[in-house]
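Engineer: You'll find target-v9.pdb just under this line, and it carries PDB, C-alpha atoms and all ligand atoms.
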```
ATOM      1  CA  MET A   1       0.000   0.000   0.000  1.00  0.00           C
ATOM      2  CA  GLN A   2       1.045   3.618  -0.343  1.00  0.00           C
ATOM      3  CA  ASP A   3       2.031   6.129   2.315  1.00  0.00           C
ATOM      4  CA  ASN A   4      -1.223   8.074   1.875  1.00  0.00           C
ATOM      5  CA  GLN A   5      -3.264   5.014   2.881  1.00  0.00           C
ATOM      6  CA  ALA A   6      -4.053   4.032   6.468  1.00  0.00           C
ATOM      7  CA  LEU A   7      -5.679   0.943   7.966  1.00  0.00           C
ATOM      8  CA  ILE A   8      -8.191   1.524  10.769  1.00  0.00           C
ATOM      9  CA  VAL A   9      -8.799  -1.579  12.897  1.00  0.00           C
ATOM     10  CA  VAL A  10     -12.033  -1.000  14.777  1.00  0.00           C
ATOM     11  CA  ASP A  11     -12.785  -2.508  18.188  1.00  0.00           C
ATOM     12  CA  VAL A  12     -11.230  -5.964  17.842  1.00  0.00           C
ATOM     13  CA  GLN A  13     -11.688  -6.519  21.571  1.00  0.00           C
ATOM     14  CA  LYS A  14     -12.421  -9.549  23.715  1.00  0.00           C
ATOM     15  CA  ASP A  15     -15.984  -8.497  24.526  1.00  0.00           C
ATOM     16  CA  PHE A  16     -16.895  -8.591  20.824  1.00  0.00           C
ATOM     17  CA  LEU A  17     -15.622 -12.123  20.257  1.00  0.00           C
ATOM     18  CA  GLU A  18     -17.923 -15.168  20.352  1.00  0.00           C
ATOM     19  CA  THR A  19     -17.349 -15.652  24.083  1.00  0.00           C
ATOM     20  CA  GLY A  20     -17.511 -11.969  25.000  1.00  0.00           C
ATOM     21  CA  ALA A  21     -20.122  -9.849  26.729  1.00  0.00           C
ATOM     22  CA  LEU A  22     -21.498  -8.504  23.439  1.00  0.00           C
ATOM     23  CA  PRO A  23     -20.762 -11.424  21.156  1.00  0.00           C
ATOM     24  CA  VAL A  24     -20.391 -10.883  17.434  1.00  0.00           C
ATOM     25  CA  LYS A  25     -20.905 -14.073  15.420  1.00  0.00           C
ATOM     26  CA  GLU A  26     -17.558 -15.357  14.065  1.00  0.00           C
ATOM     27  CA  GLY A  27     -15.881 -12.316  15.616  1.00  0.00           C
ATOM     28  CA  SER A  28     -12.569 -14.067  16.237  1.00  0.00           C
ATOM     29  CA  GLN A  29     -12.296 -14.974  12.542  1.00  0.00           C
ATOM     30  CA  VAL A  30     -11.260 -11.427  11.687  1.00  0.00           C
ATOM     31  CA  VAL A  31      -8.043 -11.705  13.708  1.00  0.00           C
ATOM     32  CA  PRO A  32      -5.932 -13.769  11.241  1.00  0.00           C
ATOM     33  CA  VAL A  33      -7.265 -11.775   8.291  1.00  0.00           C
ATOM     34  CA  ILE A  34      -6.352  -8.465   9.936  1.00  0.00           C
ATOM     35  CA  ASN A  35      -2.943  -9.761  11.049  1.00  0.00           C
ATOM     36  CA  ARG A  36      -2.243 -10.640   7.420  1.00  0.00           C
ATOM     37  CA  ILE A  37      -2.986  -7.131   6.103  1.00  0.00           C
ATOM     38  CA  ILE A  38      -1.420  -5.091   8.926  1.00  0.00           C
ATOM     39  CA  PRO A  39       2.155  -5.440   7.545  1.00  0.00           C
ATOM     40  CA  LYS A  40       1.022  -4.016   4.194  1.00  0.00           C
ATOM     41  CA  PHE A  41       0.330  -0.607   5.754  1.00  0.00           C
ATOM     42  CA  LYS A  42       2.761   1.937   7.134  1.00  0.00           C
ATOM     43  CA  ASN A  43       0.027   3.581   9.197  1.00  0.00           C
ATOM     44  CA  VAL A  44      -2.233   1.350  11.273  1.00  0.00           C
ATOM     45  CA  VAL A  45      -4.760   2.806  13.726  1.00  0.00           C
ATOM     46  CA  PHE A  46      -6.393   0.704  16.434  1.00  0.00           C
ATOM     47  CA  THR A  47      -9.590   1.770  18.165  1.00  0.00           C
ATOM     48  CA  GLN A  48     -11.052   0.512  21.421  1.00  0.00           C
ATOM     49  CA  ASP A  49     -14.579   0.850  22.736  1.00  0.00           C
ATOM     50  CA  TRP A  50     -13.870   2.168  26.229  1.00  0.00           C
ATOM     51  CA  HIS A  51     -16.885   2.733  28.440  1.00  0.00           C
ATOM     52  CA  PRO A  52     -17.121   3.784  32.086  1.00  0.00           C
ATOM     53  CA  GLU A  53     -19.266   1.607  34.359  1.00  0.00           C
ATOM     54  CA  GLY A  54     -22.931   2.603  34.170  1.00  0.00           C
ATOM     55  CA  HIS A  55     -22.541   3.873  30.594  1.00  0.00           C
ATOM     56  CA  ILE A  56     -25.685   5.228  28.910  1.00  0.00           C
ATOM     57  CA  SER A  57     -25.543   2.479  26.225  1.00  0.00           C
ATOM     58  CA  PHE A  58     -25.824  -0.319  28.786  1.00  0.00           C
ATOM     59  CA  ALA A  59     -29.298  -1.823  29.280  1.00  0.00           C
ATOM     60  CA  SER A  60     -28.345  -2.243  32.950  1.00  0.00           C
ATOM     61  CA  SER A  61     -28.328   1.555  33.273  1.00  0.00           C
ATOM     62  CA  HIS A  62     -32.031   1.669  32.310  1.00  0.00           C
ATOM     63  CA  PRO A  63     -34.003  -0.596  34.657  1.00  0.00           C
ATOM     64  CA  GLY A  64     -37.072  -2.108  32.981  1.00  0.00           C
ATOM     65  CA  GLU A  65     -35.733  -1.711  29.439  1.00  0.00           C
ATOM     66  CA  ALA A  66     -34.903  -4.843  27.449  1.00  0.00           C
ATOM     67  CA  LEU A  67     -31.503  -5.784  26.056  1.00  0.00           C
ATOM     68  CA  TYR A  68     -31.089  -4.762  22.396  1.00  0.00           C
ATOM     69  CA  SER A  69     -34.154  -2.509  22.562  1.00  0.00           C
ATOM     70  CA  MET A  70     -34.022   1.092  21.430  1.00  0.00           C
ATOM     71  CA  ILE A  71     -34.593   4.118  23.651  1.00  0.00           C
ATOM     72  CA  ASP A  72     -34.673   7.858  23.032  1.00  0.00           C
ATOM     73  CA  VAL A  73     -31.782   9.822  24.506  1.00  0.00           C
ATOM     74  CA  SER A  74     -30.710  13.446  24.106  1.00  0.00           C
ATOM     75  CA  TYR A  75     -28.784  12.753  20.885  1.00  0.00           C
ATOM     76  CA  GLY A  76     -31.389  10.495  19.256  1.00  0.00           C
ATOM     77  CA  GLN A  77     -31.975   6.753  19.460  1.00  0.00           C
ATOM     78  CA  GLN A  78     -29.749   4.441  21.418  1.00  0.00           C
ATOM     79  CA  VAL A  79     -29.633   0.634  21.252  1.00  0.00           C
ATOM     80  CA  LEU A  80     -29.328  -0.862  24.740  1.00  0.00           C
ATOM     81  CA  TRP A  81     -26.392  -3.243  24.866  1.00  0.00           C
ATOM     82  CA  PRO A  82     -25.163  -5.711  27.472  1.00  0.00           C
ATOM     83  CA  ASP A  83     -22.434  -4.153  29.637  1.00  0.00           C
ATOM     84  CA  HIS A  84     -19.294  -4.341  27.473  1.00  0.00           C
ATOM     85  CA  CYS A  85     -15.789  -2.951  27.078  1.00  0.00           C
ATOM     86  CA  VAL A  86     -15.717  -1.409  30.520  1.00  0.00           C
ATOM     87  CA  GLN A  87     -12.495   0.580  30.931  1.00  0.00           C
ATOM     88  CA  ASP A  88      -9.540  -1.419  32.241  1.00  0.00           C
ATOM     89  CA  THR A  89     -11.416  -4.739  32.322  1.00  0.00           C
ATOM     90  CA  ALA A  90     -10.333  -7.890  30.485  1.00  0.00           C
ATOM     91  CA  GLY A  91     -13.235  -7.564  28.045  1.00  0.00           C
ATOM     92  CA  ALA A  92     -11.916  -4.225  26.815  1.00  0.00           C
ATOM     93  CA  GLU A  93      -8.515  -5.700  25.920  1.00  0.00           C
ATOM     94  CA  PHE A  94      -7.571  -6.389  22.333  1.00  0.00           C
ATOM     95  CA  ALA A  95      -8.432  -9.873  21.085  1.00  0.00           C
ATOM     96  CA  GLU A  96      -5.873 -12.529  21.854  1.00  0.00           C
ATOM     97  CA  GLY A  97      -3.324 -12.747  19.043  1.00  0.00           C
ATOM     98  CA  LEU A  98      -4.167  -9.428  17.360  1.00  0.00           C
ATOM     99  CA  ASN A  99      -0.870  -7.907  16.285  1.00  0.00           C
ATOM    100  CA  THR A 100      -1.054  -4.362  17.663  1.00  0.00           C
ATOM    101  CA  GLU A 101       2.727  -3.955  17.998  1.00  0.00           C
ATOM    102  CA  ASN A 102       3.263  -1.625  15.088  1.00  0.00           C
ATOM    103  CA  GLY A 103       0.180   0.523  15.593  1.00  0.00           C
ATOM    104  CA  VAL A 104       0.933   4.206  15.140  1.00  0.00           C
ATOM    105  CA  CYS A 105      -2.244   5.570  16.691  1.00  0.00           C
ATOM    106  CA  PHE A 106      -4.581   4.210  19.354  1.00  0.00           C
ATOM    107  CA  VAL A 107      -8.036   5.724  19.824  1.00  0.00           C
ATOM    108  CA  LYS A 108     -10.289   5.064  22.803  1.00  0.00           C
ATOM    109  CA  LYS A 109     -13.921   6.031  22.346  1.00  0.00           C
ATOM    110  CA  GLY A 110     -17.204   5.976  24.239  1.00  0.00           C
ATOM    111  CA  ALA A 111     -15.596   7.167  27.449  1.00  0.00           C
ATOM    112  CA  HIS A 112     -18.183   9.873  28.049  1.00  0.00           C
ATOM    113  CA  PRO A 113     -20.764   8.473  30.515  1.00  0.00           C
ATOM    114  CA  ASN A 114     -23.731  10.080  28.755  1.00  0.00           C
ATOM    115  CA  ILE A 115     -22.789   9.801  25.070  1.00  0.00           C
ATOM    116  CA  ASP A 116     -22.169   6.628  23.089  1.00  0.00           C
ATOM    117  CA  SER A 117     -19.565   6.646  20.326  1.00  0.00           C
ATOM    118  CA  TYR A 118     -19.687   4.096  17.533  1.00  0.00           C
ATOM    119  CA  SER A 119     -17.458   6.192  15.310  1.00  0.00           C
ATOM    120  CA  ALA A 120     -13.740   6.657  15.833  1.00  0.00           C
ATOM    121  CA  PHE A 121     -14.100  10.216  14.490  1.00  0.00           C
ATOM    122  CA  LEU A 122     -17.235  11.630  16.097  1.00  0.00           C
ATOM    123  CA  GLU A 123     -19.330  10.769  19.152  1.00  0.00           C
ATOM    124  CA  ALA A 124     -23.028   9.954  18.844  1.00  0.00           C
ATOM    125  CA  ASP A 125     -23.963  13.533  19.720  1.00  0.00           C
ATOM    126  CA  ARG A 126     -22.404  14.191  16.265  1.00  0.00           C
ATOM    127  CA  LYS A 127     -20.499  17.178  17.680  1.00  0.00           C
ATOM    128  CA  THR A 128     -17.679  15.902  19.881  1.00  0.00           C
ATOM    129  CA  LYS A 129     -14.703  15.054  17.664  1.00  0.00           C
ATOM    130  CA  THR A 130     -11.791  12.779  18.466  1.00  0.00           C
ATOM    131  CA  ASP A 131      -8.304  13.780  17.259  1.00  0.00           C
ATOM    132  CA  LEU A 132      -8.206  11.045  14.625  1.00  0.00           C
ATOM    133  CA  ALA A 133      -9.020  13.060  11.479  1.00  0.00           C
ATOM    134  CA  VAL A 134      -6.519  15.788  12.344  1.00  0.00           C
ATOM    135  CA  TRP A 135      -3.857  13.199  13.090  1.00  0.00           C
ATOM    136  CA  LEU A 136      -4.432  11.259   9.847  1.00  0.00           C
ATOM    137  CA  LYS A 137      -4.306  14.468   7.811  1.00  0.00           C
ATOM    138  CA  SER A 138      -1.100  15.539   9.558  1.00  0.00           C
ATOM    139  CA  GLN A 139       0.418  12.271   8.317  1.00  0.00           C
ATOM    140  CA  GLY A 140      -0.618  12.980   4.726  1.00  0.00           C
ATOM    141  CA  ILE A 141      -3.282  10.257   4.718  1.00  0.00           C
ATOM    142  CA  THR A 142      -6.020  10.668   2.106  1.00  0.00           C
ATOM    143  CA  GLU A 143      -7.413   7.116   1.925  1.00  0.00           C
ATOM    144  CA  VAL A 144      -8.551   4.868   4.766  1.00  0.00           C
ATOM    145  CA  PHE A 145      -9.267   1.141   4.836  1.00  0.00           C
ATOM    146  CA  VAL A 146     -11.649   0.179   7.645  1.00  0.00           C
ATOM    147  CA  CYS A 147     -12.077  -3.281   9.197  1.00  0.00           C
ATOM    148  CA  GLY A 148     -12.975  -4.897  12.518  1.00  0.00           C
ATOM    149  CA  LEU A 149     -16.069  -5.266  14.708  1.00  0.00           C
ATOM    150  CA  ALA A 150     -18.864  -4.744  14.282  1.00  0.00           C
ATOM    151  CA  THR A 151     -19.520  -4.158  10.570  1.00  0.00           C
ATOM    152  CA  ASP A 152     -22.909  -2.536  11.044  1.00  0.00           C
ATOM    153  CA  PHE A 153     -22.057  -0.350  14.048  1.00  0.00           C
ATOM    154  CA  CYS A 154     -18.562   0.882  14.809  1.00  0.00           C
ATOM    155  CA  VAL A 155     -17.023  -0.063  11.438  1.00  0.00           C
ATOM    156  CA  SER A 156     -19.883   1.527   9.494  1.00  0.00           C
ATOM    157  CA  TRP A 157     -20.063   4.737  11.533  1.00  0.00           C
ATOM    158  CA  THR A 158     -16.289   5.126  11.340  1.00  0.00           C
ATOM    159  CA  ALA A 159     -16.343   4.608   7.560  1.00  0.00           C
ATOM    160  CA  LEU A 160     -19.186   7.093   7.048  1.00  0.00           C
ATOM    161  CA  ASP A 161     -17.552   9.766   9.188  1.00  0.00           C
ATOM    162  CA  ALA A 162     -14.288   9.238   7.314  1.00  0.00           C
ATOM    163  CA  VAL A 163     -16.143  10.197   4.121  1.00  0.00           C
ATOM    164  CA  ASP A 164     -17.367  13.377   5.847  1.00  0.00           C
ATOM    165  CA  GLU A 165     -13.770  14.156   6.775  1.00  0.00           C
ATOM    166  CA  GLY A 166     -12.827  13.985   3.105  1.00  0.00           C
ATOM    167  CA  PHE A 167     -11.101  10.602   2.977  1.00  0.00           C
ATOM    168  CA  LYS A 168     -11.551   8.043   0.220  1.00  0.00           C
ATOM    169  CA  VAL A 169     -12.938   5.054   2.135  1.00  0.00           C
ATOM    170  CA  TYR A 170     -12.795   1.292   1.682  1.00  0.00           C
ATOM    171  CA  VAL A 171     -14.394  -1.352   3.929  1.00  0.00           C
ATOM    172  CA  ILE A 172     -12.513  -4.660   3.910  1.00  0.00           C
ATOM    173  CA  GLU A 173     -15.497  -6.949   4.263  1.00  0.00           C
ATOM    174  CA  ASP A 174     -13.846 -10.276   5.017  1.00  0.00           C
ATOM    175  CA  ALA A 175     -11.944  -8.502   7.827  1.00  0.00           C
ATOM    176  CA  CYS A 176     -15.260  -7.495   9.475  1.00  0.00           C
ATOM    177  CA  ARG A 177     -18.159  -9.279  11.167  1.00  0.00           C
ATOM    178  CA  GLY A 178     -21.556  -7.773  12.013  1.00  0.00           C
ATOM    179  CA  ILE A 179     -24.170  -7.886  14.770  1.00  0.00           C
ATOM    180  CA  ASP A 180     -27.231  -7.391  12.503  1.00  0.00           C
ATOM    181  CA  VAL A 181     -30.037  -6.126  14.755  1.00  0.00           C
ATOM    182  CA  ASN A 182     -33.218  -4.995  12.959  1.00  0.00           C
ATOM    183  CA  GLY A 183     -31.659  -5.074   9.490  1.00  0.00           C
ATOM    184  CA  SER A 184     -28.681  -2.968  10.512  1.00  0.00           C
ATOM    185  CA  LEU A 185     -26.262  -4.772   8.169  1.00  0.00           C
ATOM    186  CA  GLU A 186     -28.309  -4.155   5.012  1.00  0.00           C
ATOM    187  CA  ALA A 187     -28.935  -0.561   6.078  1.00  0.00           C
ATOM    188  CA  ALA A 188     -25.215   0.007   6.570  1.00  0.00           C
ATOM    189  CA  ARG A 189     -24.325  -1.375   3.129  1.00  0.00           C
ATOM    190  CA  ALA A 190     -27.005   0.759   1.458  1.00  0.00           C
ATOM    191  CA  GLU A 191     -25.594   3.845   3.156  1.00  0.00           C
ATOM    192  CA  TRP A 192     -22.018   2.998   2.087  1.00  0.00           C
ATOM    193  CA  LYS A 193     -23.169   2.723  -1.500  1.00  0.00           C
ATOM    194  CA  LYS A 194     -24.817   6.141  -1.353  1.00  0.00           C
ATOM    195  CA  ARG A 195     -21.698   7.707   0.088  1.00  0.00           C
ATOM    196  CA  GLY A 196     -19.199   6.184  -2.330  1.00  0.00           C
ATOM    197  CA  ILE A 197     -17.630   3.748   0.126  1.00  0.00           C
ATOM    198  CA  LYS A 198     -16.075   0.793  -1.688  1.00  0.00           C
ATOM    199  CA  ARG A 199     -16.428  -2.774  -0.374  1.00  0.00           C
ATOM    200  CA  ILE A 200     -13.312  -4.823  -0.972  1.00  0.00           C
ATOM    201  CA  ASP A 201     -11.802  -8.187  -0.054  1.00  0.00           C
ATOM    202  CA  SER A 202      -8.520  -8.441   1.847  1.00  0.00           C
ATOM    203  CA  SER A 203      -7.011 -10.298  -1.143  1.00  0.00           C
ATOM    204  CA  GLU A 204      -7.192  -7.022  -3.105  1.00  0.00           C
ATOM    205  CA  ILE A 205      -4.699  -5.379  -0.720  1.00  0.00           C
ATOM    206  CA  ASN A 206      -1.109  -5.701  -1.746  1.00  0.00           C
TER     207      ASN A 206
HETATM  208  C1  LIG A 301     -20.029  -1.619  19.122  1.00  0.00           C
HETATM  209  C2  LIG A 301     -22.156  -1.878  19.930  1.00  0.00           C
HETATM  210  C3  LIG A 301     -21.822  -1.191  21.073  1.00  0.00           C
HETATM  211  C4  LIG A 301     -19.058  -1.893  18.025  1.00  0.00           C
HETATM  212  C5  LIG A 301     -19.672  -0.928  20.257  1.00  0.00           C
HETATM  213  O1  LIG A 301     -17.830  -1.874  18.270  1.00  0.00           O
HETATM  214  O2  LIG A 301     -19.520  -2.114  16.875  1.00  0.00           O
HETATM  215  N1  LIG A 301     -21.266  -2.076  18.958  1.00  0.00           N
HETATM  216  N2  LIG A 301     -20.576  -0.720  21.219  1.00  0.00           N
HETATM  217 ZN    ZN A 302     -19.933   0.166  23.018  1.00  0.00          ZN
END
```
Written as structure tokens, that's how I'd like the structure from this file.

Structural biologist:
Amino acid sequence: MQDNQALIVVDVQKDFLETGALPVKEGSQVVPVINRIIPKFKNVVFTQDWHPEGHISFASSHPGEALYSMIDVSYGQQVLWPDHCVQDTAGAEFAEGLNTENGVCFVKKGAHPNIDSYSAFLEADRKTKTDLAVWLKSQGITEVFVCGLATDFCVSWTALDAVDEGFKVYVIEDACRGIDVNGSLEAARAEWKKRGIKRIDSSEIN
């Protein structure tokens, strides 16, 4: 790959693997695929979902509301998840075997108690920015390749916000796995198409 291209590895954390608190089907299968493409990039960014206890996105913070149901919050609708990726717990650690050694940038997101953050660029209030776009631009990056967990939430929101930041965006589909609640996977793909995001296979990266 070229120097203007970065890989963004989204939330490949223990809690999103098959045995985790918020299991993504076949989640662990992305690890060898991602490890294979990491060495092809000079710039690799790793993100981590990083919630405080009692986070607004946890169903346990809303007694009487069902897991995976949707509630209205100040910034719109919020899916209620099982407690996951609590800061400094084992579940928030990177998946076993993921090669994070040569990462050049590490982004923790969702740390605000009252705002969720699927995207590595922008929190769910759609106002609070992380430093990621500024950092990528300072490195001369113009194209980003997004992979990780989960396709239809953090990968998709990160990819869409990358378009808004002016990057050319690719989603490496075989290096992602989705959750798929209420048609979220189809909806994400439709949105990518509208916004010019290309879906590619890891074999196309050389
Ligand atoms: C994610 C749901 C809740 C993700 C994070 O990484 O896709 N999904 N928090
Ligand atoms: Zn989360």

Engineer: Can you work out the spacing between CA of Val181 (chain A) and CA of Leu149 (chain A) in Å, to one decimal?

Structural biologist: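 Taking CA of Val181 (chain A) and CA of Leu149 (chain A), their separation equals 14.0 Å.
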
Engineer: Using all atoms listed in the file, what table do you get, as a Markdown table, when you list each residue of chain A with an atom no more than 8 Å from ligand ZN 302 (chain A), its nearest pair of atoms, and their distance in Å rounded to one decimal, rows by chain then rising number?

Structural biologist:
```
| residue | atom | partner | partner_atom | distance |
| --- | --- | --- | --- | --- |
| A:Asp49 | CA | A:ZN302 | ZN | 5.4 |
| A:Trp50 | CA | A:ZN302 | ZN | 7.1 |
| A:His51 | CA | A:ZN302 | ZN | 6.7 |
| A:Ser57 | CA | A:ZN302 | ZN | 6.9 |
| A:Trp81 | CA | A:ZN302 | ZN | 7.5 |
| A:His84 | CA | A:ZN302 | ZN | 6.4 |
| A:Cys85 | CA | A:ZN302 | ZN | 6.6 |
| A:Gly110 | CA | A:ZN302 | ZN | 6.5 |
| A:Asp116 | CA | A:ZN302 | ZN | 6.8 |
| A:Ser117 | CA | A:ZN302 | ZN | 7.0 |
| A:Tyr118 | CA | A:ZN302 | ZN | 6.8 |
```

Engineer: Would you save the residues of that selection, restricted to C-alpha atoms, as an mmCIF file, in the frame of the given file?

Structural biologist:
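Written file, out.cif:
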```
data_model
loop_
_atom_site.group_PDB
_atom_site.id
_atom_site.type_symbol
_atom_site.label_atom_id
_atom_site.label_comp_id
_atom_site.auth_asym_id
_atom_site.auth_seq_id
_atom_site.Cartn_x
_atom_site.Cartn_y
_atom_site.Cartn_z
ATOM 1 C CA ASP A 49 -14.579 0.850 22.736
ATOM 2 C CA TRP A 50 -13.870 2.168 26.229
ATOM 3 C CA HIS A 51 -16.885 2.733 28.440
ATOM 4 C CA SER A 57 -25.543 2.479 26.225
ATOM 5 C CA TRP A 81 -26.392 -3.243 24.866
ATOM 6 C CA HIS A 84 -19.294 -4.341 27.473
ATOM 7 C CA CYS A 85 -15.789 -2.951 27.078
ATOM 8 C CA GLY A 110 -17.204 5.976 24.239
ATOM 9 C CA ASP A 116 -22.169 6.628 23.089
ATOM 10 C CA SER A 117 -19.565 6.646 20.326
ATOM 11 C CA TYR A 118 -19.687 4.096 17.533
#
```

Engineer: Could you work out how far CA of Gly91 (chain A) lies from CA of Gln13 (chain A), giving the answer in Å with one decimal?

Structural biologist: 6.7 Å

Engineer: Tell me, as a list in words, which residues lie within 10 Å of Ala175 (chain A), counting only C-alpha atoms; anything in the same chain fewer than 6 positions away does not count.

Structural biologist: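 What passes the distance filter is Val9, Gly27, Gln29, Val30, Val31, Pro32, Val33, Ile34, Asn35, Arg36, Ile37, Val146, Cys147, Gly148, Leu149, Thr151, Ile200, Asp201 and Ser202 of chain A.
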
Engineer: List, as a tab-separated table (two decimals) with C-alpha atoms, keeping the file's coordinate frame, every residue that the PyMOL selection byres (((chain A and resi 60-65) around 12) and not hetatm) selects in the file provided.

Structural biologist:
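The resulting file, selection.tsv, is shown below:
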```
chain	number	residue	atom	x	y	z
A	52	PRO	CA	-17.12	3.78	32.09
A	53	GLU	CA	-19.27	1.61	34.36
A	54	GLY	CA	-22.93	2.60	34.17
A	55	HIS	CA	-22.54	3.87	30.59
A	56	ILE	CA	-25.68	5.23	28.91
A	57	SER	CA	-25.54	2.48	26.22
A	58	PHE	CA	-25.82	-0.32	28.79
A	59	ALA	CA	-29.30	-1.82	29.28
A	66	ALA	CA	-34.90	-4.84	27.45
A	67	LEU	CA	-31.50	-5.78	26.06
A	68	TYR	CA	-31.09	-4.76	22.40
A	69	SER	CA	-34.15	-2.51	22.56
A	70	MET	CA	-34.02	1.09	21.43
A	71	ILE	CA	-34.59	4.12	23.65
A	72	ASP	CA	-34.67	7.86	23.03
A	73	VAL	CA	-31.78	9.82	24.51
A	78	GLN	CA	-29.75	4.44	21.42
A	79	VAL	CA	-29.63	0.63	21.25
A	80	LEU	CA	-29.33	-0.86	24.74
A	81	TRP	CA	-26.39	-3.24	24.87
A	82	PRO	CA	-25.16	-5.71	27.47
A	83	ASP	CA	-22.43	-4.15	29.64
A	84	HIS	CA	-19.29	-4.34	27.47
A	113	PRO	CA	-20.76	8.47	30.52
A	114	ASN	CA	-23.73	10.08	28.76
```

Engineer: For a test of reading the model, state the distance in Å between CA of Gln2 (chain A) and CA of Tyr170 (chain A), rounded to one decimal.

Structural biologist: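 Going from CA of Gln2 (chain A) over to CA of Tyr170 (chain A) covers 14.2 Å.
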
Engineer: Please evaluate the PyMOL selection byres (((chain A and resi 179) around 7) and not hetatm) against the structure above and give the resulting residues as a list in words.

Structural biologist: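 Evaluating the PyMOL selection byres (((chain A and resi 179) around 7) and not hetatm) on this file yields Val24, Ala150, Asp152, Gly178, Asp180 and Val181 of chain A.
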
Engineer: Would you give the centre and edge lengths, in Å to one decimal, of a box along x, y and z around the listed atoms of region 1-5 of chain A, with 6 Å added to each side, as lines of an AutoDock Vina configuration file?

Structural biologist:
```
center_x = -0.6
center_y = 4.0
center_z = 1.3
size_x = 17.3
size_y = 20.1
size_z = 15.2
```

Engineer: Quick check on the file I pasted: which residues fall under the PyMOL selection byres (((chain A and resi 196) around 12) and not hetatm)? Write them as number ranges by chain.

Structural biologist: A: 159-160, 162-164, 166-171, 189-195, 197-199

Engineer: Which residue is closest to ligand LIG 301 (chain A)? Choose from A:Thr19, A:Ser119, A:Thr130, A:Ser28 and count all atoms listed in the file.

Structural biologist: A:Ser119

Engineer: Near Asn43 (chain A), counting only C-alpha atoms, which residues have an atom at most 10 Å away, once you skip same-chain residues fewer than 5 positions from it, shown as a ChimeraX atom specification?

Structural biologist: /A:1-8,38,102-105,136,139,141,144

Engineer: Could you check the closest approach to ligand LIG 301 (chain A) for each of A:Leu17, A:Ala124, A:Leu185, A:Leu22 and tell me which residue wins, using only C-alpha atoms and all ligand atoms?

Structural biologist: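 Of A:Leu17, A:Ala124, A:Leu185, A:Leu22, the one nearest ligand LIG 301 (chain A), counting only C-alpha atoms and all ligand atoms, is A:Leu22.
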
Engineer: For each of A:Asn182, A:Cys154, A:Val10, A:Val45, take the minimum atom-to-atom distance to ligand LIG 301 (chain A), counting only C-alpha atoms and all ligand atoms, then give the residue where this is smallest.

Structural biologist: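 Closest to ligand LIG 301 (chain A) of all the choices is A:Cys154.
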
Engineer: Using only C-alpha atoms and all ligand atoms, can you tell me which of A:Lys137, A:Arg126, A:Lys14, A:Lys42 comes closest to ligand LIG 301 (chain A)?

Structural biologist: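 Answer, going by the shortest atom-to-atom distance: A:Lys14.
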
Engineer: Ranking A:Val86, A:Ala188, A:Ala95, A:Ile172 by minimum distance to Lys109 (chain A) and counting all atoms listed in the file, which one comes first?

Structural biologist: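 Using all atoms listed in the file, the shortest distance to Lys109 (chain A) belongs to A:Val86.
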
Engineer: Point out the residue among A:Phe153, A:Lys127, A:Trp135, A:Phe16 with the least atom-to-atom distance to ligand LIG 301 (chain A), counting all atoms listed in the file.

Structural biologist: A:Phe153

Engineer: N, CA, C and O atoms are what I want for region 186-194 of chain A; can you complete it accordingly and write them as an mmCIF file, in the coordinates of the input?

Structural biologist:
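Result file is rebuild-v9.cif:
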```
data_model
loop_
_atom_site.group_PDB
_atom_site.id
_atom_site.type_symbol
_atom_site.label_atom_id
_atom_site.label_comp_id
_atom_site.auth_asym_id
_atom_site.auth_seq_id
_atom_site.Cartn_x
_atom_site.Cartn_y
_atom_site.Cartn_z
ATOM 1 N N GLU A 186 -27.836 -4.611 6.326
ATOM 2 C CA GLU A 186 -28.309 -4.155 5.012
ATOM 3 C C GLU A 186 -28.337 -2.632 4.953
ATOM 4 O O GLU A 186 -27.942 -2.016 3.960
ATOM 5 N N ALA A 187 -28.831 -2.022 6.020
ATOM 6 C CA ALA A 187 -28.935 -0.561 6.078
ATOM 7 C C ALA A 187 -27.554 0.076 5.959
ATOM 8 O O ALA A 187 -27.364 1.069 5.249
ATOM 9 N N ALA A 188 -26.581 -0.534 6.616
ATOM 10 C CA ALA A 188 -25.215 0.007 6.570
ATOM 11 C C ALA A 188 -24.679 -0.073 5.142
ATOM 12 O O ALA A 188 -24.171 0.926 4.612
ATOM 13 N N ARG A 189 -24.848 -1.213 4.497
ATOM 14 C CA ARG A 189 -24.325 -1.375 3.129
ATOM 15 C C ARG A 189 -24.985 -0.403 2.158
ATOM 16 O O ARG A 189 -24.322 0.134 1.262
ATOM 17 N N ALA A 190 -26.289 -0.182 2.333
ATOM 18 C CA ALA A 190 -27.005 0.759 1.458
ATOM 19 C C ALA A 190 -26.428 2.168 1.624
ATOM 20 O O ALA A 190 -26.228 2.899 0.653
ATOM 21 N N GLU A 191 -26.145 2.518 2.850
ATOM 22 C CA GLU A 191 -25.594 3.845 3.156
ATOM 23 C C GLU A 191 -24.188 3.991 2.564
ATOM 24 O O GLU A 191 -23.846 5.035 2.003
ATOM 25 N N TRP A 192 -23.379 2.938 2.659
ATOM 26 C CA TRP A 192 -22.018 2.998 2.087
ATOM 27 C C TRP A 192 -22.098 3.279 0.600
ATOM 28 O O TRP A 192 -21.328 4.067 0.060
ATOM 29 N N LYS A 193 -23.039 2.582 -0.054
ATOM 30 C CA LYS A 193 -23.169 2.723 -1.500
ATOM 31 C C LYS A 193 -23.479 4.174 -1.857
ATOM 32 O O LYS A 193 -22.864 4.761 -2.743
ATOM 33 N N LYS A 194 -24.427 4.744 -1.131
ATOM 34 C CA LYS A 194 -24.817 6.141 -1.353
ATOM 35 C C LYS A 194 -23.648 7.087 -1.197
ATOM 36 O O LYS A 194 -23.560 8.105 -1.867
#
```
